[in-house]
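Participant: Before I ask anything, let me first share the structure, which is written out below as structure tokens.
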Amino acid sequence: MDKKGGIDKTLFVKNADGRIMIAQIYVNDIVFGGMSDAMVKYFVSQMQNEFEMSMVGELTYSLGLQIKQMEDSTFLSQRKYAKNIMKKFGMDNASHKRTPAPTHLKLSKDEGGISVDQSLYRSMIGSLLYLTASRPDIAFAVGVCSRYQAEPKVSHLNQVKRIFKYVNGTSDYGILYTNRSDPVLTGYCDIDWAGNADDRKSTVIPQNLPSIFQS
């Protein structure tokens with residue numbers, strides 16, 4: 001491989017005459033693919049000469065991500081993971097919400113509020129943070145709730161549960177990557193001027209996140 005990822009040191013990229021091959025390593029698993037069959041076959045032969053390894057075929061599942069490869073696009077989702085965390089926290093039969101948070105989400109430290117189990121709250125936040133890998137639509141709401149892990153209150157837990165209720169009704173959602181010659185990522189945001197109830201800091205709020213589709 002020609003170079004290693006700048007941020008992710010387990011990502012390797014080879015570029016030969018405009019044809020790219022990528023390999024991602026996680027512990028003893030390797031996910032790889034390329035634009036040239038010859039490059040891929042050479043990589044496989046080199047790896048098999050050095051290591052004892054087996055091929056499992058086309059990638060359909062990795063690290064909690066379900067991958068559906070189609071002719072002109074690839075769909076990523078975490079449906080199974082979402083269903084599992086719903087059951088884990090007893091939210092699988094909860095009513096569904098149309099949005100992950102109210103239009104104007106306002107949370108504060110709520111110092112006079114009733115405290116809740118810190119371990120439970122942190123576990124719920126951690127589970128949702130991992131889900132944002134394929135669900136950017138919940139990223140902002142989860143980020144706001146994650147600010148209060150030190151001293152979570154009932155008001156914070158209620159908002160986390162709302163996110164779970166939204167996910168419960170949208171577990172099939174994910175990200176669709178299309179094979180287009182001119183890919184353009186478009187995003188829209190708004191500024192919540194001095195909107196933080198605790199320190200009056202401003203916040204950039206995503207208004208529209210493209211390429212979120214139901215499988």
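Chain labels A, B, ... are given in the sequence in which chains occur in the structure tokens; within each chain residues are numbered consecutively from 1, and ligands are likewise numbered from 1 in the order shown.
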Running DSSP on the backbone, which parts of stretch 2-215 of chain A land in alpha helix (DSSP H), as number ranges by chain?

Facilitator: A: 37-50, 79-88, 118-131, 139-146, 154-169

Participant: With only C-alpha atoms as the counted atoms, please give the residues lying no more than 7 Å from stretch 138-151 of chain A, apart from itself and same-chain residues fewer than 2 positions off, as a list in words.

Facilitator: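 Neighbouring residues, sequence-local ones excluded: Pro100, Ala101, Lys109, Ser115, Gln118, Tyr121, Arg122, Ile125, Leu128, Leu129, Thr132, Arg135, Pro136, Lys153, His156 and Val160 of chain A.
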
Participant: For the selection you just gave me, I'd like the residues written to a file as a JSON list (two decimals), in the first residue's frame, keeping N, CA, C and O atoms.

Facilitator:
[["chain", "number", "residue", "atom", "x", "y", "z"],
["A", 100, "PRO", "N", -36.26, 13.38, 16.67],
["A", 100, "PRO", "CA", -35.44, 13.01, 17.83],
["A", 100, "PRO", "C", -35.49, 14.01, 18.97],
["A", 100, "PRO", "O", -35.10, 13.70, 20.10],
["A", 101, "ALA", "N", -35.97, 15.22, 18.70],
["A", 101, "ALA", "CA", -36.03, 16.26, 19.73],
["A", 101, "ALA", "C", -37.06, 17.31, 19.33],
["A", 101, "ALA", "O", -37.46, 17.38, 18.15],
["A", 109, "LYS", "N", -28.42, 22.45, 32.98],
["A", 109, "LYS", "CA", -27.92, 21.57, 34.05],
["A", 109, "LYS", "C", -29.04, 21.12, 34.98],
["A", 109, "LYS", "O", -28.93, 20.08, 35.62],
["A", 115, "SER", "N", -32.08, 13.66, 40.35],
["A", 115, "SER", "CA", -30.97, 12.93, 39.75],
["A", 115, "SER", "C", -31.41, 11.54, 39.32],
["A", 115, "SER", "O", -32.32, 10.95, 39.89],
["A", 118, "GLN", "N", -26.47, 7.49, 37.03],
["A", 118, "GLN", "CA", -25.44, 7.99, 36.12],
["A", 118, "GLN", "C", -24.94, 6.90, 35.17],
["A", 118, "GLN", "O", -24.74, 7.15, 33.98],
["A", 121, "TYR", "N", -27.50, 6.32, 32.42],
["A", 121, "TYR", "CA", -27.53, 7.46, 31.49],
["A", 121, "TYR", "C", -26.33, 7.41, 30.55],
["A", 121, "TYR", "O", -26.47, 7.57, 29.33],
["A", 122, "ARG", "N", -25.15, 7.17, 31.11],
["A", 122, "ARG", "CA", -23.95, 7.11, 30.28],
["A", 122, "ARG", "C", -23.99, 5.96, 29.29],
["A", 122, "ARG", "O", -23.53, 6.06, 28.16],
["A", 125, "ILE", "N", -26.26, 6.98, 26.43],
["A", 125, "ILE", "CA", -25.58, 7.95, 25.57],
["A", 125, "ILE", "C", -24.52, 7.26, 24.70],
["A", 125, "ILE", "O", -24.42, 7.50, 23.49],
["A", 128, "LEU", "N", -26.09, 5.40, 21.84],
["A", 128, "LEU", "CA", -26.58, 6.30, 20.79],
["A", 128, "LEU", "C", -25.42, 6.93, 20.00],
["A", 128, "LEU", "O", -25.53, 7.13, 18.79],
["A", 129, "LEU", "N", -24.32, 7.22, 20.68],
["A", 129, "LEU", "CA", -23.17, 7.80, 19.98],
["A", 129, "LEU", "C", -22.64, 6.84, 18.92],
["A", 129, "LEU", "O", -22.26, 7.26, 17.82],
["A", 132, "THR", "N", -24.68, 6.91, 15.71],
["A", 132, "THR", "CA", -24.53, 8.05, 14.81],
["A", 132, "THR", "C", -23.61, 7.75, 13.62],
["A", 132, "THR", "O", -23.53, 8.55, 12.69],
["A", 135, "ARG", "N", -26.37, 7.26, 11.43],
["A", 135, "ARG", "CA", -27.56, 8.07, 11.69],
["A", 135, "ARG", "C", -27.19, 9.50, 12.07],
["A", 135, "ARG", "O", -27.33, 9.90, 13.23],
["A", 136, "PRO", "N", -26.69, 10.29, 11.11],
["A", 136, "PRO", "CA", -26.36, 11.69, 11.43],
["A", 136, "PRO", "C", -27.57, 12.51, 11.84],
["A", 136, "PRO", "O", -27.41, 13.58, 12.41],
["A", 153, "LYS", "N", -30.12, 14.42, 35.09],
["A", 153, "LYS", "CA", -31.39, 14.61, 35.79],
["A", 153, "LYS", "C", -32.52, 13.96, 35.00],
["A", 153, "LYS", "O", -32.34, 13.50, 33.86],
["A", 156, "HIS", "N", -33.06, 15.32, 31.54],
["A", 156, "HIS", "CA", -32.10, 14.85, 30.55],
["A", 156, "HIS", "C", -32.45, 13.44, 30.09],
["A", 156, "HIS", "O", -32.42, 13.13, 28.90],
["A", 160, "VAL", "N", -33.34, 11.80, 26.33],
["A", 160, "VAL", "CA", -32.66, 10.63, 25.77],
["A", 160, "VAL", "C", -33.68, 9.58, 25.36],
["A", 160, "VAL", "O", -33.57, 8.96, 24.30]]

Participant: With distances taken over only C-alpha atoms, which residue among A:Ala94, A:Val13, A:Ile22, A:Ile85 lies nearest A:Tyr166?

Facilitator: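 Among A:Ala94, A:Val13, A:Ile22, A:Ile85, it is A:Ala94 that comes nearest to A:Tyr166.
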
Participant: Which is closest to A:Ile25 among A:Leu131, A:Val154, A:Leu63, A:Ile114, if we use only C-alpha atoms?

Facilitator: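 Going through A:Leu131, A:Val154, A:Leu63, A:Ile114 one by one, the smallest distance to A:Ile25 is for A:Leu63.
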
Participant: Could you tell me how far atom CA of A:Pro152 sits from atom CA of A:Gly113, in Å to one decimal place?

Facilitator: 9.0 Å

Participant: In stretch 41-172 of chain A, what's strand (DSSP E or B) per DSSP? Answer as a ChimeraX atom specification?

Facilitator: /A:61-62,65-69,73-77,115,153

Participant: Suppose we keep C-alpha atoms; can you now write the selection as a short mmCIF file (atom, residue, chain, number, x, y, z; two decimals), in the first residue's frame?

Facilitator:
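Heads up, here's the output in again.cif:
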data_model
loop_
_atom_site.label_atom_id
_atom_site.label_comp_id
_atom_site.auth_asym_id
_atom_site.auth_seq_id
_atom_site.Cartn_x
_atom_site.Cartn_y
_atom_site.Cartn_z
CA TYR A 61 -21.69 -6.81 7.88
CA SER A 62 -18.86 -5.15 9.78
CA LEU A 65 -22.83 -1.90 10.27
CA GLN A 66 -25.02 -3.69 7.75
CA ILE A 67 -23.84 -3.11 4.19
CA LYS A 68 -26.06 -3.60 1.16
CA GLN A 69 -24.14 -3.27 -2.09
CA SER A 73 -24.96 2.53 -4.75
CA THR A 74 -24.15 1.21 -1.28
CA PHE A 75 -26.51 1.43 1.68
CA LEU A 76 -25.18 1.45 5.27
CA SER A 77 -27.41 0.93 8.28
CA SER A 115 -30.97 12.93 39.75
CA LYS A 153 -31.39 14.61 35.79
#

Participant: Quick check, in Å to one decimal: how far apart do atom CA of A:Gly187 and atom CA of A:Ser134 lie?

Facilitator: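 These two atoms are separated by 16.1 Å.
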
Participant: Give me the residues near A:Asn168 as number ranges by chain, where near means some atom within 7 Å (using only C-alpha atoms) and where sequence neighbours in that chain fewer than 2 positions away do not count.

Facilitator: A: 86, 92, 96, 164-166, 170-171
